[in-house]
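Novice: Sending over a structure as structure tokens; questions will come in a sec.
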Amino acid sequence: MNTYRLTLTLLSFFLFMSTAVMSQLYTDGYQSITGDNIGINKSSPVGQLHIKETPGGLDFNNNYVFSKLIRLESTPQSGGSPVYWDFRTDEGSGLYYYHSSNTLSSKLTAKFHRNITEFETSFKIKENILLDEATAPNNTQGLVFSLGLNRLPSSNTWMNKGAAFFTNSDGELQLVTNSSGNIITTTSALNDQVRLKANDSKLSLYYNALDLTIPGVLSGNSRDTDINFIDNNLSSSDKRLFVIRSIGVDHSNSPKTLEFWAPNGGNAFFTMPVRIGGNYADDEIINSDYRLYVSNGIRTERVTVDYYGTWPDYVFTPSYDLKSFDELRSFIEEKGHLPGIPTANEVKEEGIDLAKTNKALLEKVEELTLYTLELEKRLSELENNQ
């Protein structure tokens, strides 16, 4: 017998008894007991069914027990010891439901405890869980499901560490958290503790003055969806700090596109290696010193490379050690490449550093200029000596 069936059995019993005592109560021998009220352990009952729990005493285990208020006993179909379900009150306003396969009250296991006075307006479990009507953070009426966040009696004041889900008259779900445990005394203070809002059109996450809204835009054939990072402290009317926009497949200009932009200006920093394309298992890319890798090339209108070394203007200074023709010829014959220029194998393994490569190429161009001027000087001297 489960709790649901047990509840139905009790309700049926009480309904039967209530109906019977309104007129007469009959036995199976067609004997009637007349009267309006029935008492069990109670003379002169004041209700149609009046059950009184008798005082208890110590059992042989030296535990103090009460006689049962209501006991249901069931013998399993397969045989064995009976199983008992007991309903009784404590010395206050609590109603207990116990279950056991042992007749001793000390062996009973409490399965349910209900404070009778709380059934009128709300449902509580040990003051830690509450389900009730409540004023939502936006000051409209709704419902609340609280976990640990306790409401003080007869007020909309909340305290203790915990969280609560509120619904309001707009059909919105709001999550309120209170990690400090401080008392929340006003609706505006409760609204400041909202960390999540969800309705038919969007999901919003909040932290102090910063909001994250998903989606911000969802309309038209393009079906654009925005993730908005909102800073409520911005002085402009548009308080979006950053936007990540997903553009739908039906967009006329840029279908299936993901945009990242700042409506009010701003900077975006990526401190980890960022990779676009390529083999995801390539550890050399992930573990390198570089912060951006783009597979299959980059197309752009402008590239500026910062360089903080010495630019090759030093080639034109009198102190520059320019190799002679013979030295240059010997180096090329021995090494197979120009001085200061990386080899083919080095480029294959390490790639090309644009700043260093452009510096080296400019150095060679300036050296070539000096060689050209030297040759022009020699040629001029030859022509003058003829």
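Just remember, in the structure tokens the first chain shown is A, the second B, etc., residues are 1-based per chain, and ligands are 1-based in the order shown.
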Neighbours of Ile40 (chain A) within 9 Å (only C-alpha atoms; same-chain residues fewer than 2 positions away dropped), as a PyMOL selection string?
Specialist: chain A and resi 38+42-43+45+49-53
Novice: With N, CA, C and O atoms kept, could you save the residues just selected as a short mmCIF file (atom, residue, chain, number, x, y, z; two decimals), in the first residue's frame?
Specialist:
data_model
loop_
_atom_site.label_atom_id
_atom_site.label_comp_id
_atom_site.auth_asym_id
_atom_site.auth_seq_id
_atom_site.Cartn_x
_atom_site.Cartn_y
_atom_site.Cartn_z
N ILE A 38 -19.78 9.74 17.60
CA ILE A 38 -19.14 8.51 18.05
C ILE A 38 -17.82 8.87 18.71
O ILE A 38 -17.05 9.67 18.18
N LYS A 42 -13.26 8.20 24.25
CA LYS A 42 -13.77 9.52 24.59
C LYS A 42 -15.26 9.40 24.87
O LYS A 42 -16.06 9.06 23.98
N SER A 43 -15.63 9.64 26.13
CA SER A 43 -17.05 9.68 26.45
C SER A 43 -17.61 11.04 26.08
O SER A 43 -16.89 12.04 26.08
N PRO A 45 -18.62 12.37 23.10
CA PRO A 45 -17.86 12.99 22.00
C PRO A 45 -18.53 14.25 21.51
O PRO A 45 -19.76 14.35 21.48
N LEU A 49 -17.01 12.07 14.72
CA LEU A 49 -16.03 11.03 15.03
C LEU A 49 -14.96 11.68 15.89
O LEU A 49 -14.22 12.53 15.43
N HIS A 50 -14.89 11.28 17.17
CA HIS A 50 -13.98 11.90 18.12
C HIS A 50 -13.05 10.82 18.65
O HIS A 50 -13.47 9.92 19.38
N ILE A 51 -11.77 10.88 18.24
CA ILE A 51 -10.78 9.88 18.65
C ILE A 51 -9.79 10.55 19.59
O ILE A 51 -9.20 11.58 19.26
N LYS A 52 -9.62 9.97 20.79
CA LYS A 52 -8.71 10.53 21.77
C LYS A 52 -7.54 9.57 21.97
O LYS A 52 -7.72 8.38 22.16
N GLU A 53 -6.33 10.13 21.91
CA GLU A 53 -5.15 9.32 22.16
C GLU A 53 -4.96 9.18 23.67
O GLU A 53 -4.95 10.18 24.40
#
Novice: Mind checking DSSP for region 151-356 of chain A and telling me the strand (DSSP E or B) residues as a PyMOL selection string?
Specialist: chain A and resi 151+158-159+162-167+173-178+184+194-198+203-207+210-214+225-231+240-247+257-261+274-276+292-294
Novice: Give the answer as one residue: which of A:Ile332, A:Val305, A:Leu205, A:Met272 has the shortest atom-to-atom distance to Arg291 (chain A), using only C-alpha atoms?
Specialist: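 Closest candidate: A:Met272.
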Novice: Set the distance at 8 Å and use only C-alpha atoms: which residues neighbour Gln141 (chain A) once local chain neighbours fewer than 5 positions away are removed? I'd like the list as a PyMOL selection string.
Specialist: chain A and resi 133-136+168-169
Novice: Excluding region 249-266 of chain A and any residue of its chain fewer than 4 positions from it, enumerate the residues within 12 Å of it, using only C-alpha atoms, and give them as a ChimeraX atom specification.
Specialist: /A:219-231,234-245
